[in-house]
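Undergrad: My structure is in data-v4.tsv, and what it holds is TSV, C-alpha atoms (C1' of nucleotides):
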chain	number	residue	atom	x	y	z
A	1	MET	CA	90.01	108.60	126.64
A	2	VAL	CA	90.95	105.67	124.42
A	3	PRO	CA	94.27	105.98	122.58
A	4	LEU	CA	94.03	105.97	118.82
A	5	LEU	CA	96.54	103.14	118.75
A	6	LEU	CA	94.04	100.80	120.43
A	7	ASP	CA	91.45	101.68	117.79
A	8	LEU	CA	94.13	101.16	115.18
A	9	GLN	CA	94.97	97.70	116.42
A	10	ARG	CA	91.34	96.65	116.66
A	11	ALA	CA	90.63	97.88	113.14
A	12	THR	CA	93.61	95.95	111.82
A	13	HIS	CA	92.54	92.74	113.52
A	14	VAL	CA	88.94	93.05	112.41
A	15	THR	CA	89.67	93.97	108.82
A	16	LEU	CA	92.28	91.23	108.42
A	17	HIS	CA	89.84	88.70	109.78
A	18	HIS	CA	87.26	89.96	107.31
A	19	LEU	CA	89.67	89.64	104.40
A	20	THR	CA	90.73	86.10	105.26
A	21	THR	CA	87.06	85.14	105.51
A	22	VAL	CA	86.05	86.75	102.21
A	23	LEU	CA	89.10	85.23	100.49
A	24	ALA	CA	88.98	81.91	102.32
A	25	ASP	CA	89.23	79.92	99.08
A	26	LEU	CA	92.71	81.35	98.49
A	27	ARG	CA	93.92	79.57	101.63
A	28	LEU	CA	96.28	82.39	102.51
A	29	SER	CA	97.23	83.65	105.96
A	30	PRO	CA	96.86	87.36	106.81
A	31	SER	CA	100.58	87.94	106.32
A	32	GLU	CA	100.54	86.13	103.02
A	33	LEU	CA	97.64	88.32	101.84
A	34	ASN	CA	99.57	91.36	102.97
A	35	ALA	CA	102.75	90.31	101.16
A	36	LEU	CA	100.93	89.55	97.90
A	37	ALA	CA	99.03	92.83	97.95
A	38	ASN	CA	102.13	94.88	98.72
A	39	LEU	CA	104.06	93.20	95.94
A	40	ALA	CA	101.21	93.85	93.55
A	41	VAL	CA	101.50	97.60	93.97
A	42	PHE	CA	105.23	97.55	93.18
A	43	PRO	CA	106.23	98.30	89.58
A	44	ASP	CA	105.97	95.06	87.58
A	45	GLY	CA	104.79	93.27	90.73
A	46	ALA	CA	108.42	92.91	91.80
A	47	GLY	CA	110.63	94.16	94.61
A	48	THR	CA	113.39	93.11	96.95
A	49	VAL	CA	112.86	91.44	100.30
A	50	SER	CA	113.95	94.66	102.01
A	51	GLU	CA	111.49	96.73	100.03
A	52	LEU	CA	108.66	94.37	100.81
A	53	GLY	CA	109.63	94.43	104.48
A	54	ALA	CA	109.60	98.22	104.52
A	55	ALA	CA	106.21	98.33	102.80
A	56	ALA	CA	104.66	95.79	105.14
A	57	GLY	CA	106.39	96.87	108.33
A	58	VAL	CA	107.81	93.39	108.76
A	59	ARG	CA	111.39	92.23	109.29
A	60	PRO	CA	113.25	90.19	106.67
A	61	THR	CA	113.55	87.30	109.09
A	62	THR	CA	109.76	87.09	109.19
A	63	LEU	CA	109.43	87.38	105.44
A	64	THR	CA	111.58	84.36	104.72
A	65	GLY	CA	108.92	81.90	105.84
A	66	ILE	CA	106.08	83.81	104.21
A	67	VAL	CA	107.96	84.04	100.93
A	68	ASP	CA	108.90	80.35	101.16
A	69	ARG	CA	105.24	79.35	101.20
A	70	LEU	CA	104.22	81.76	98.45
A	71	GLU	CA	107.09	80.50	96.32
A	72	GLN	CA	106.17	76.86	96.93
A	73	ARG	CA	102.66	77.62	95.75
A	74	ASP	CA	104.00	79.32	92.62
A	75	LEU	CA	102.53	82.69	93.53
A	76	LEU	CA	105.92	84.40	93.30
A	77	THR	CA	109.51	83.67	92.29
A	78	ARG	CA	112.88	84.54	93.78
A	79	GLU	CA	115.22	86.02	91.19
A	80	PRO	CA	118.80	87.24	91.43
A	81	HIS	CA	119.25	90.99	91.35
A	82	ALA	CA	120.90	92.37	88.23
A	83	ARG	CA	123.61	94.38	89.93
A	84	ASP	CA	123.82	93.18	93.56
A	85	ARG	CA	124.16	89.48	94.05
A	86	ARG	CA	123.26	89.69	97.74
A	87	THR	CA	119.81	90.91	96.85
A	88	VAL	CA	116.79	88.77	96.06
A	89	VAL	CA	114.06	90.07	93.79
A	90	LEU	CA	110.55	88.78	94.48
A	91	ARG	CA	108.25	88.75	91.47
A	92	LEU	CA	104.59	87.79	91.26
A	93	THR	CA	103.81	84.95	88.86
A	94	PRO	CA	100.67	85.16	86.71
A	95	ALA	CA	98.86	83.08	89.33
A	96	GLY	CA	100.24	85.35	92.04
A	97	THR	CA	99.06	88.41	90.13
A	98	THR	CA	95.59	86.93	89.83
A	99	ALA	CA	95.45	86.18	93.55
A	100	ALA	CA	96.88	89.58	94.47
A	101	THR	CA	94.30	91.32	92.31
A	102	ARG	CA	91.56	89.61	94.26
A	103	VAL	CA	93.16	90.71	97.52
A	104	LEU	CA	93.42	94.31	96.36
A	105	ASP	CA	89.83	94.22	95.13
A	106	ALA	CA	88.60	92.93	98.47
A	107	MET	CA	90.53	95.67	100.25
A	108	THR	CA	89.26	98.50	98.09
A	109	SER	CA	85.75	97.11	98.26
A	110	LEU	CA	85.81	97.21	102.05
A	111	GLU	CA	87.30	100.69	101.99
A	112	ARG	CA	84.68	102.05	99.62
A	113	ARG	CA	81.91	100.62	101.73
A	114	ALA	CA	83.38	102.06	104.92
A	115	LEU	CA	84.07	105.48	103.43
A	116	SER	CA	80.83	105.82	101.51
A	117	SER	CA	79.13	107.88	104.21
A	118	LEU	CA	82.17	110.02	104.97
A	119	PRO	CA	83.52	113.17	103.29
A	120	SER	CA	85.56	112.52	100.17
A	121	SER	CA	88.62	113.95	101.91
A	122	ALA	CA	88.48	111.28	104.64
A	123	ALA	CA	90.64	108.73	102.85
A	124	ALA	CA	93.48	111.13	102.13
A	125	ASP	CA	93.40	112.60	105.64
A	126	PHE	CA	93.40	109.11	107.08
A	127	ALA	CA	96.46	108.11	105.05
A	128	VAL	CA	98.29	111.21	106.28
A	129	VAL	CA	97.73	110.29	109.92
A	130	LEU	CA	98.79	106.70	109.30
A	131	GLN	CA	101.99	107.94	107.74
A	132	ALA	CA	102.60	110.33	110.63
A	133	LEU	CA	102.16	107.50	113.12
A	134	SER	CA	104.53	105.26	111.19
A	135	ASP	CA	107.10	108.07	110.96
A	136	GLY	CA	106.72	108.92	114.63
A	137	ALA	CA	107.46	105.32	115.57
A	138	ALA	CA	110.53	105.00	113.35
B	1	MET	CA	97.01	103.32	94.14
B	2	VAL	CA	97.83	101.71	97.48
B	3	PRO	CA	94.86	100.50	99.53
B	4	LEU	CA	94.44	102.19	102.88
B	5	LEU	CA	94.41	98.76	104.49
B	6	LEU	CA	98.03	98.19	103.53
B	7	ASP	CA	98.98	101.50	105.14
B	8	LEU	CA	96.89	100.50	108.13
B	9	GLN	CA	98.70	97.21	108.54
B	10	ARG	CA	102.13	98.78	108.17
B	11	ALA	CA	101.31	101.47	110.72
B	12	THR	CA	100.11	98.84	113.17
B	13	HIS	CA	103.25	96.77	112.79
B	14	VAL	CA	105.57	99.74	113.08
B	15	THR	CA	103.85	101.34	116.07
B	16	LEU	CA	103.60	98.04	117.94
B	17	HIS	CA	107.28	97.42	117.37
B	18	HIS	CA	108.00	100.92	118.67
B	19	LEU	CA	105.94	100.34	121.81
B	20	THR	CA	107.55	97.01	122.64
B	21	THR	CA	110.96	98.66	122.23
B	22	VAL	CA	110.14	101.69	124.38
B	23	LEU	CA	108.56	99.45	127.03
B	24	ALA	CA	111.10	96.63	126.70
B	25	ASP	CA	111.67	96.50	130.46
B	26	LEU	CA	108.05	95.43	130.97
B	27	ARG	CA	108.81	92.23	129.07
B	28	LEU	CA	105.37	92.17	127.49
B	29	SER	CA	104.41	90.98	124.02
B	30	PRO	CA	102.42	93.26	121.70
B	31	SER	CA	99.18	91.41	122.48
B	32	GLU	CA	99.86	91.62	126.20
B	33	LEU	CA	100.42	95.37	125.92
B	34	ASN	CA	97.19	95.62	123.96
B	35	ALA	CA	95.21	93.63	126.51
B	36	LEU	CA	96.53	95.62	129.47
B	37	ALA	CA	95.84	98.96	127.81
B	38	ASN	CA	92.33	97.97	126.76
B	39	LEU	CA	91.53	96.76	130.24
B	40	ALA	CA	92.86	100.00	131.69
B	41	VAL	CA	90.28	102.05	129.81
B	42	PHE	CA	87.40	99.94	131.13
B	43	PRO	CA	85.58	101.23	134.23
B	44	ASP	CA	87.54	100.11	137.31
B	45	GLY	CA	90.08	98.43	135.00
B	46	ALA	CA	87.78	95.44	134.76
B	47	GLY	CA	85.79	93.67	132.07
B	48	THR	CA	84.78	90.25	130.82
B	49	VAL	CA	86.78	88.15	128.40
B	50	SER	CA	84.18	88.85	125.72
B	51	GLU	CA	84.36	92.57	126.28
B	52	LEU	CA	88.12	92.56	126.09
B	53	GLY	CA	87.95	90.49	122.92
B	54	ALA	CA	85.53	92.96	121.34
B	55	ALA	CA	87.72	95.91	122.30
B	56	ALA	CA	90.90	94.32	121.01
B	57	GLY	CA	89.40	92.61	117.96
B	58	VAL	CA	90.66	89.26	119.22
B	59	ARG	CA	88.81	85.98	119.75
B	60	PRO	CA	88.30	84.53	123.24
B	61	THR	CA	90.32	81.48	122.27
B	62	THR	CA	93.32	83.74	121.67
B	63	LEU	CA	92.79	85.67	124.88
B	64	THR	CA	93.01	82.60	127.09
B	65	GLY	CA	96.78	82.29	126.66
B	66	ILE	CA	97.40	86.02	126.93
B	67	VAL	CA	95.32	86.29	130.08
B	68	ASP	CA	97.03	83.21	131.51
B	69	ARG	CA	100.40	84.92	131.32
B	70	LEU	CA	99.18	88.24	132.66
B	71	GLU	CA	97.50	86.44	135.54
B	72	GLN	CA	100.65	84.43	136.32
B	73	ARG	CA	102.59	87.67	136.53
B	74	ASP	CA	99.97	89.17	138.85
B	75	LEU	CA	99.05	91.93	136.44
B	76	LEU	CA	95.39	90.93	136.49
B	77	THR	CA	93.01	88.56	138.23
B	78	ARG	CA	90.18	86.32	137.06
B	79	GLU	CA	87.04	86.82	139.15
B	80	PRO	CA	83.61	85.18	138.99
B	81	HIS	CA	80.86	87.36	137.61
B	82	ALA	CA	78.23	88.48	140.11
B	83	ARG	CA	75.17	87.34	138.15
B	84	ASP	CA	76.38	84.98	135.40
B	85	ARG	CA	78.54	82.15	136.52
B	86	ARG	CA	79.69	81.36	132.97
B	87	THR	CA	81.38	84.74	132.76
B	88	VAL	CA	84.90	85.60	133.90
B	89	VAL	CA	85.72	89.14	135.00
B	90	LEU	CA	89.29	90.28	134.37
B	91	ARG	CA	90.54	92.98	136.72
B	92	LEU	CA	93.86	94.81	136.74
B	93	THR	CA	95.88	94.46	139.93
B	94	PRO	CA	97.74	97.49	141.28
B	95	ALA	CA	100.86	96.25	139.50
B	96	GLY	CA	98.81	95.74	136.34
B	97	THR	CA	97.41	99.24	136.63
B	98	THR	CA	100.91	100.66	136.96
B	99	ALA	CA	102.10	98.77	133.90
B	100	ALA	CA	98.98	99.67	131.91
B	101	THR	CA	99.44	103.33	132.74
B	102	ARG	CA	102.91	103.21	131.25
B	103	VAL	CA	101.52	101.56	128.12
B	104	LEU	CA	98.81	104.20	127.74
B	105	ASP	CA	101.36	106.97	128.33
B	106	ALA	CA	103.66	105.57	125.64
B	107	MET	CA	100.73	105.35	123.24
B	108	THR	CA	99.50	108.89	123.82
B	109	SER	CA	103.06	110.19	123.67
B	110	LEU	CA	103.56	108.69	120.24
B	111	GLU	CA	100.20	109.97	119.10
B	112	ARG	CA	100.90	113.52	120.28
B	113	ARG	CA	104.22	113.54	118.51
B	114	ALA	CA	102.71	112.20	115.29
B	115	LEU	CA	99.76	114.57	115.35
B	116	SER	CA	101.65	117.68	116.43
B	117	SER	CA	102.04	119.00	112.89
B	118	LEU	CA	98.50	118.12	111.81
B	119	PRO	CA	95.19	119.97	112.25
B	120	SER	CA	93.59	119.49	115.64
B	121	SER	CA	90.67	117.74	113.97
B	122	ALA	CA	92.92	115.01	112.59
B	123	ALA	CA	92.67	112.69	115.58
B	124	ALA	CA	88.88	112.70	115.71
B	125	ASP	CA	88.55	112.28	111.94
B	126	PHE	CA	91.03	109.42	112.06
B	127	ALA	CA	89.07	107.63	114.77
B	128	VAL	CA	85.89	107.95	112.71
B	129	VAL	CA	87.49	106.23	109.72
B	130	LEU	CA	88.91	103.47	111.92
B	131	GLN	CA	85.47	102.85	113.33
B	132	ALA	CA	83.94	102.82	109.85
B	133	LEU	CA	86.49	100.26	108.68
B	134	SER	CA	85.85	98.07	111.72
B	135	ASP	CA	82.10	98.33	111.20
B	136	GLY	CA	82.40	97.61	107.51
B	137	ALA	CA	84.30	94.44	108.23
B	138	ALA	CA	81.88	93.14	110.85
C	1	DT	C1'	69.22	75.24	122.71
C	2	DA	C1'	72.43	79.06	123.07
C	3	DT	C1'	76.35	81.28	125.28
C	4	DT	C1'	80.91	81.89	128.02
C	5	DG	C1'	85.12	80.54	128.31
C	6	DT	C1'	88.69	76.83	128.04
C	7	DT	C1'	91.32	73.00	125.94
C	8	DA	C1'	93.67	70.49	122.14
C	9	DT	C1'	95.90	70.65	117.91
C	10	DA	C1'	98.29	72.37	114.19
C	11	DC	C1'	100.16	76.10	111.84
C	12	DT	C1'	101.78	80.87	111.41
C	13	DC	C1'	104.14	85.00	113.13
C	14	DT	C1'	107.93	87.12	115.54
C	15	DA	C1'	112.41	88.32	117.88
C	16	DT	C1'	117.06	87.22	118.66
C	17	DA	C1'	121.35	85.73	117.39
C	18	DA	C1'	124.39	83.51	114.31
C	19	DC	C1'	125.56	82.65	109.69
C	20	DT	C1'	126.69	82.97	104.35
C	21	DA	C1'	127.55	85.54	100.55
C	22	DT	C1'	128.44	89.75	98.65
C	23	DA	C1'	129.57	94.70	98.68
D	1	DT	C1'	133.45	96.51	107.80
D	2	DA	C1'	128.76	96.76	106.34
D	3	DT	C1'	124.66	94.94	104.10
D	4	DA	C1'	121.03	91.39	102.07
D	5	DG	C1'	118.99	87.59	103.14
D	6	DT	C1'	118.65	82.96	105.47
D	7	DT	C1'	118.72	79.63	109.24
D	8	DA	C1'	117.96	78.00	114.00
D	9	DT	C1'	115.56	78.32	118.05
D	10	DA	C1'	112.09	79.40	121.10
D	11	DG	C1'	108.03	81.65	122.29
D	12	DA	C1'	103.67	83.91	121.05
D	13	DG	C1'	99.42	84.48	118.10
D	14	DT	C1'	95.64	82.28	115.54
D	15	DA	C1'	91.85	79.27	113.65
D	16	DT	C1'	89.23	75.28	114.12
D	17	DA	C1'	86.77	72.06	116.49
D	18	DA	C1'	85.36	70.03	120.64
D	19	DC	C1'	84.20	70.55	125.33
D	20	DA	C1'	82.21	71.81	130.26
D	21	DA	C1'	79.45	74.72	132.74
D	22	DT	C1'	75.78	77.70	132.86
D	23	DA	C1'	71.91	80.32	130.98
Transcribe the structure of this file into structure tokens.
TA:
Amino acid sequence: MVPLLLDLQRATHVTLHHLTTVLADLRLSPSELNALANLAVFPDGAGTVSELGAAAGVRPTTLTGIVDRLEQRDLLTREPHARDRRTVVLRLTPAGTTAATRVLDAMTSLERRALSSLPSSAAADFAVVLQALSDGAA
Amino acid sequence: MVPLLLDLQRATHVTLHHLTTVLADLRLSPSELNALANLAVFPDGAGTVSELGAAAGVRPTTLTGIVDRLEQRDLLTREPHARDRRTVVLRLTPAGTTAATRVLDAMTSLERRALSSLPSSAAADFAVVLQALSDGAA
DNA sequence: TATTGTTATACTCTATAACTATA
DNA sequence: TATAGTTATAGAGTATAACAATA
């Protein structure tokens, strides 16, 4: 019996490789794609480093380098937070929004293709199990 | 609407971090845990580099370093293949089998906990979607 | 000619611990 | 004292291209 977590890890590797191939012209690493896409689903395409870390499952120390590169390429900006000066707000630039939209489109395109032959409830059920696994590991 | 792939990536990060924490005394990286566990579910705890790469969703070039370390720590051996001398057979040692068993146990333990409040069909349905996503990305 | 696995190189990801600034 | 984020360091993961051995 193969643990689900091994299937989970394989699926993550394979789908990330697919995305970087499809979006090769963006010249973004898997983690950079992930950060852009996560930021894009935040209200106004903006959120704090902590929030992005929680969404991506990545520690702030890892995000610093990723954010550095995205900032250098003008895909996002670092802004001061209105009420807490310790906090950094990351915000997609127009160019970042354009890139992130392509990432999200590539993701949903792959998902639609994969789910096309499955019951319409599959996606929601799948998300529930993912959440349960994340919660169980917390 | 958040793409499933973002949830997938977060769940992978979070569960891998959980496993490395729970199994900290093994002193194994996430990819080493993954390789050991995948090898453990092969017949006789043995398979070729290509087979392990296919199971883990990792390229042979990446496996070389991982296998090097596991071999140095006597958790697996590299053997010649009986009929194809280009091929390398990886085989868990007794110590590797012991470690891999702990990895598999930690994985199934987390899965049971996560799935305990969900319908009994959830695990199988989940695996089907993971497979569909992997196939769709191939 | 094609395939299996390794090597070389360069870059990215990650954990840990220490640090700054702010709360 | 605690928290948000960064820096420093060292090790691990990854892609690409080139390579040796074998098929």
Undergrad: For chain C, which residue among B:Ala82, B:Val49, B:Leu76, B:Leu16 is the nearest when counting all atoms listed in the file?
TA: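 Comparing B:Ala82, B:Val49, B:Leu76, B:Leu16 against chain C, the winner is B:Val49.
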Undergrad: Tell me which residues come within 7 Å of (98.3, 87.2, 114.8), as a list in words, counting only C-alpha atoms (C1' of nucleotides) in the file's coordinates.
TA: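 Output of the proximity query reads DC13 of chain C; DG13 and DT14 of chain D.
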Undergrad: Nearest to chain A: which of B:Ile66, B:Ala99, B:Leu75, B:Leu6 is it, counting all atoms listed in the file?
TA: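 Checking each candidate against chain A, we get B:Leu6 as the closest.
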Undergrad: Atom CA of A:Ser31 to atom CA of B:Leu110: how many Å, to one decimal?
TA: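 According to the coordinates, atom CA of A:Ser31 and atom CA of B:Leu110 are separated by 25.2 Å.
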Undergrad: May I ask for the distance between atom CA of B:Val89 and atom CA of B:Gly47, given in Å to one decimal place?
TA: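 Here the two named atoms are 5.4 Å from each other.
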Undergrad: Using only C-alpha atoms (C1' of nucleotides), which residues of chain B come within 10 Å of chain C, and what is the closest atom pair for each, with the distance in Å to one decimal? Give it as JSON lines, sorted by chain and residue number.
TA:
{"residue": "B:Ser29", "atom": "CA", "partner": "C:DT14", "partner_atom": "C1'", "distance": 10.0}
{"residue": "B:Thr48", "atom": "CA", "partner": "C:DT4", "partner_atom": "C1'", "distance": 9.6}
{"residue": "B:Val49", "atom": "CA", "partner": "C:DG5", "partner_atom": "C1'", "distance": 7.8}
{"residue": "B:Ser50", "atom": "CA", "partner": "C:DT4", "partner_atom": "C1'", "distance": 8.0}
{"residue": "B:Pro60", "atom": "CA", "partner": "C:DG5", "partner_atom": "C1'", "distance": 7.2}
{"residue": "B:Thr61", "atom": "CA", "partner": "C:DT6", "partner_atom": "C1'", "distance": 7.6}
{"residue": "B:Leu63", "atom": "CA", "partner": "C:DG5", "partner_atom": "C1'", "distance": 9.8}
{"residue": "B:Thr64", "atom": "CA", "partner": "C:DT6", "partner_atom": "C1'", "distance": 7.3}
{"residue": "B:Gly65", "atom": "CA", "partner": "C:DT6", "partner_atom": "C1'", "distance": 9.9}
{"residue": "B:Asp84", "atom": "CA", "partner": "C:DT4", "partner_atom": "C1'", "distance": 9.2}
{"residue": "B:Arg85", "atom": "CA", "partner": "C:DT4", "partner_atom": "C1'", "distance": 8.8}
{"residue": "B:Arg86", "atom": "CA", "partner": "C:DT4", "partner_atom": "C1'", "distance": 5.1}
{"residue": "B:Thr87", "atom": "CA", "partner": "C:DT4", "partner_atom": "C1'", "distance": 5.6}
{"residue": "B:Val88", "atom": "CA", "partner": "C:DG5", "partner_atom": "C1'", "distance": 7.5}
Undergrad: Write out chain B, as a short mmCIF file (atom, residue, chain, number, x, y, z; two decimals) with C-alpha atoms, keeping the file's coordinate frame, after superposing it onto chain A by least squares using every C-alpha atom paired in order.
TA:
data_model
loop_
_atom_site.label_atom_id
_atom_site.label_comp_id
_atom_site.auth_asym_id
_atom_site.auth_seq_id
_atom_site.Cartn_x
_atom_site.Cartn_y
_atom_site.Cartn_z
CA MET B 1 90.05 108.59 126.64
CA VAL B 2 91.01 105.66 124.42
CA PRO B 3 94.33 105.96 122.59
CA LEU B 4 94.08 105.96 118.82
CA LEU B 5 96.57 103.11 118.76
CA LEU B 6 94.08 100.80 120.44
CA ASP B 7 91.49 101.67 117.80
CA LEU B 8 94.16 101.15 115.18
CA GLN B 9 95.00 97.69 116.43
CA ARG B 10 91.36 96.64 116.68
CA ALA B 11 90.64 97.88 113.17
CA THR B 12 93.62 95.95 111.83
CA HIS B 13 92.55 92.74 113.52
CA VAL B 14 88.95 93.05 112.43
CA THR B 15 89.67 93.98 108.81
CA LEU B 16 92.28 91.24 108.43
CA HIS B 17 89.84 88.70 109.79
CA HIS B 18 87.25 89.97 107.31
CA LEU B 19 89.65 89.64 104.39
CA THR B 20 90.73 86.11 105.26
CA THR B 21 87.05 85.15 105.51
CA VAL B 22 86.05 86.76 102.21
CA LEU B 23 89.09 85.25 100.48
CA ALA B 24 88.96 81.93 102.33
CA ASP B 25 89.21 79.94 99.09
CA LEU B 26 92.69 81.38 98.48
CA ARG B 27 93.89 79.59 101.61
CA LEU B 28 96.25 82.41 102.50
CA SER B 29 97.19 83.68 105.95
CA PRO B 30 96.84 87.38 106.79
CA SER B 31 100.58 87.95 106.32
CA GLU B 32 100.52 86.14 103.00
CA LEU B 33 97.63 88.32 101.82
CA ASN B 34 99.58 91.36 102.96
CA ALA B 35 102.74 90.31 101.15
CA LEU B 36 100.93 89.54 97.89
CA ALA B 37 99.03 92.82 97.92
CA ASN B 38 102.13 94.87 98.70
CA LEU B 39 104.05 93.19 95.93
CA ALA B 40 101.20 93.84 93.53
CA VAL B 41 101.50 97.59 93.97
CA PHE B 42 105.23 97.55 93.18
CA PRO B 43 106.24 98.29 89.57
CA ASP B 44 105.98 95.05 87.57
CA GLY B 45 104.81 93.27 90.74
CA ALA B 46 108.42 92.91 91.80
CA GLY B 47 110.63 94.15 94.61
CA THR B 48 113.39 93.09 96.96
CA VAL B 49 112.87 91.43 100.31
CA SER B 50 113.94 94.65 102.02
CA GLU B 51 111.50 96.71 100.04
CA LEU B 52 108.66 94.36 100.82
CA GLY B 53 109.63 94.42 104.48
CA ALA B 54 109.59 98.22 104.51
CA ALA B 55 106.20 98.33 102.81
CA ALA B 56 104.65 95.77 105.13
CA GLY B 57 106.40 96.88 108.32
CA VAL B 58 107.82 93.38 108.75
CA ARG B 59 111.40 92.24 109.30
CA PRO B 60 113.27 90.21 106.67
CA THR B 61 113.58 87.33 109.10
CA THR B 62 109.78 87.10 109.21
CA LEU B 63 109.43 87.38 105.45
CA THR B 64 111.60 84.36 104.75
CA GLY B 65 108.92 81.90 105.87
CA ILE B 66 106.09 83.80 104.21
CA VAL B 67 107.96 84.04 100.93
CA ASP B 68 108.90 80.36 101.17
CA ARG B 69 105.24 79.37 101.19
CA LEU B 70 104.22 81.76 98.44
CA GLU B 71 107.09 80.51 96.31
CA GLN B 72 106.16 76.86 96.93
CA ARG B 73 102.65 77.62 95.74
CA ASP B 74 104.00 79.33 92.62
CA LEU B 75 102.53 82.69 93.53
CA LEU B 76 105.92 84.38 93.30
CA THR B 77 109.50 83.68 92.31
CA ARG B 78 112.88 84.53 93.81
CA GLU B 79 115.23 86.03 91.22
CA PRO B 80 118.82 87.24 91.48
CA HIS B 81 119.25 90.99 91.39
CA ALA B 82 120.89 92.39 88.26
CA ARG B 83 123.60 94.42 89.99
CA ASP B 84 123.79 93.24 93.62
CA ARG B 85 124.18 89.56 94.11
CA ARG B 86 123.28 89.75 97.81
CA THR B 87 119.80 90.93 96.90
CA VAL B 88 116.79 88.75 96.09
CA VAL B 89 114.06 90.07 93.80
CA LEU B 90 110.56 88.76 94.48
CA ARG B 91 108.25 88.74 91.47
CA LEU B 92 104.59 87.78 91.25
CA THR B 93 103.81 84.95 88.85
CA PRO B 94 100.68 85.16 86.71
CA ALA B 95 98.87 83.07 89.31
CA GLY B 96 100.23 85.35 92.03
CA THR B 97 99.06 88.40 90.13
CA THR B 98 95.58 86.93 89.82
CA ALA B 99 95.43 86.18 93.53
CA ALA B 100 96.87 89.59 94.45
CA THR B 101 94.29 91.32 92.30
CA ARG B 102 91.54 89.61 94.25
CA VAL B 103 93.16 90.72 97.51
CA LEU B 104 93.42 94.33 96.34
CA ASP B 105 89.82 94.23 95.10
CA ALA B 106 88.58 92.94 98.46
CA MET B 107 90.53 95.66 100.23
CA THR B 108 89.26 98.51 98.08
CA SER B 109 85.73 97.12 98.26
CA LEU B 110 85.79 97.22 102.04
CA GLU B 111 87.29 100.68 102.00
CA ARG B 112 84.66 102.04 99.61
CA ARG B 113 81.89 100.64 101.73
CA ALA B 114 83.38 102.05 104.93
CA LEU B 115 84.06 105.46 103.44
CA SER B 116 80.81 105.82 101.51
CA SER B 117 79.11 107.86 104.22
CA LEU B 118 82.16 110.01 104.98
CA PRO B 119 83.50 113.17 103.30
CA SER B 120 85.54 112.51 100.19
CA SER B 121 88.59 113.94 101.93
CA ALA B 122 88.46 111.28 104.64
CA ALA B 123 90.61 108.73 102.85
CA ALA B 124 93.46 111.12 102.12
CA ASP B 125 93.38 112.60 105.63
CA PHE B 126 93.40 109.10 107.08
CA ALA B 127 96.44 108.10 105.05
CA VAL B 128 98.29 111.20 106.26
CA VAL B 129 97.73 110.27 109.91
CA LEU B 130 98.80 106.68 109.27
CA GLN B 131 101.99 107.92 107.70
CA ALA B 132 102.61 110.30 110.60
CA LEU B 133 102.17 107.48 113.10
CA SER B 134 104.54 105.24 111.15
CA ASP B 135 107.10 108.04 110.91
CA GLY B 136 106.76 108.88 114.57
CA ALA B 137 107.50 105.31 115.51
CA ALA B 138 110.56 104.96 113.29
#
Undergrad: What are the residues of chain B that have an atom within 9 Å of an atom of chain A, counting only C-alpha atoms, as a CSV table (one decimal) with C-alpha atoms, in the frame of the given file?
TA:
chain,number,residue,atom,x,y,z
B,1,MET,CA,97.0,103.3,94.1
B,2,VAL,CA,97.8,101.7,97.5
B,3,PRO,CA,94.9,100.5,99.5
B,4,LEU,CA,94.4,102.2,102.9
B,5,LEU,CA,94.4,98.8,104.5
B,6,LEU,CA,98.0,98.2,103.5
B,7,ASP,CA,99.0,101.5,105.1
B,8,LEU,CA,96.9,100.5,108.1
B,9,GLN,CA,98.7,97.2,108.5
B,10,ARG,CA,102.1,98.8,108.2
B,11,ALA,CA,101.3,101.5,110.7
B,12,THR,CA,100.1,98.8,113.2
B,13,HIS,CA,103.2,96.8,112.8
B,14,VAL,CA,105.6,99.7,113.1
B,15,THR,CA,103.8,101.3,116.1
B,16,LEU,CA,103.6,98.0,117.9
B,17,HIS,CA,107.3,97.4,117.4
B,18,HIS,CA,108.0,100.9,118.7
B,19,LEU,CA,105.9,100.3,121.8
B,34,ASN,CA,97.2,95.6,124.0
B,37,ALA,CA,95.8,99.0,127.8
B,38,ASN,CA,92.3,98.0,126.8
B,41,VAL,CA,90.3,102.0,129.8
B,54,ALA,CA,85.5,93.0,121.3
B,55,ALA,CA,87.7,95.9,122.3
B,56,ALA,CA,90.9,94.3,121.0
B,57,GLY,CA,89.4,92.6,118.0
B,58,VAL,CA,90.7,89.3,119.2
B,104,LEU,CA,98.8,104.2,127.7
B,107,MET,CA,100.7,105.4,123.2
B,108,THR,CA,99.5,108.9,123.8
B,110,LEU,CA,103.6,108.7,120.2
B,111,GLU,CA,100.2,110.0,119.1
B,113,ARG,CA,104.2,113.5,118.5
B,114,ALA,CA,102.7,112.2,115.3
B,115,LEU,CA,99.8,114.6,115.4
B,117,SER,CA,102.0,119.0,112.9
B,118,LEU,CA,98.5,118.1,111.8
B,122,ALA,CA,92.9,115.0,112.6
B,123,ALA,CA,92.7,112.7,115.6
B,125,ASP,CA,88.6,112.3,111.9
B,126,PHE,CA,91.0,109.4,112.1
B,127,ALA,CA,89.1,107.6,114.8
B,128,VAL,CA,85.9,108.0,112.7
B,129,VAL,CA,87.5,106.2,109.7
B,130,LEU,CA,88.9,103.5,111.9
B,131,GLN,CA,85.5,102.8,113.3
B,132,ALA,CA,83.9,102.8,109.8
B,133,LEU,CA,86.5,100.3,108.7
B,134,SER,CA,85.8,98.1,111.7
B,135,ASP,CA,82.1,98.3,111.2
B,136,GLY,CA,82.4,97.6,107.5
B,137,ALA,CA,84.3,94.4,108.2
B,138,ALA,CA,81.9,93.1,110.8
Undergrad: With 5 Å on each side, where is the centre of the axis-aligned box around all listed atoms of stretch 10-23 of chain C, and how long are its edges in Å to one decimal, as JSON?
TA:
{"center_x": 113.9, "center_y": 83.5, "center_z": 108.7, "size_x": 41.3, "size_y": 32.3, "size_z": 30.0}
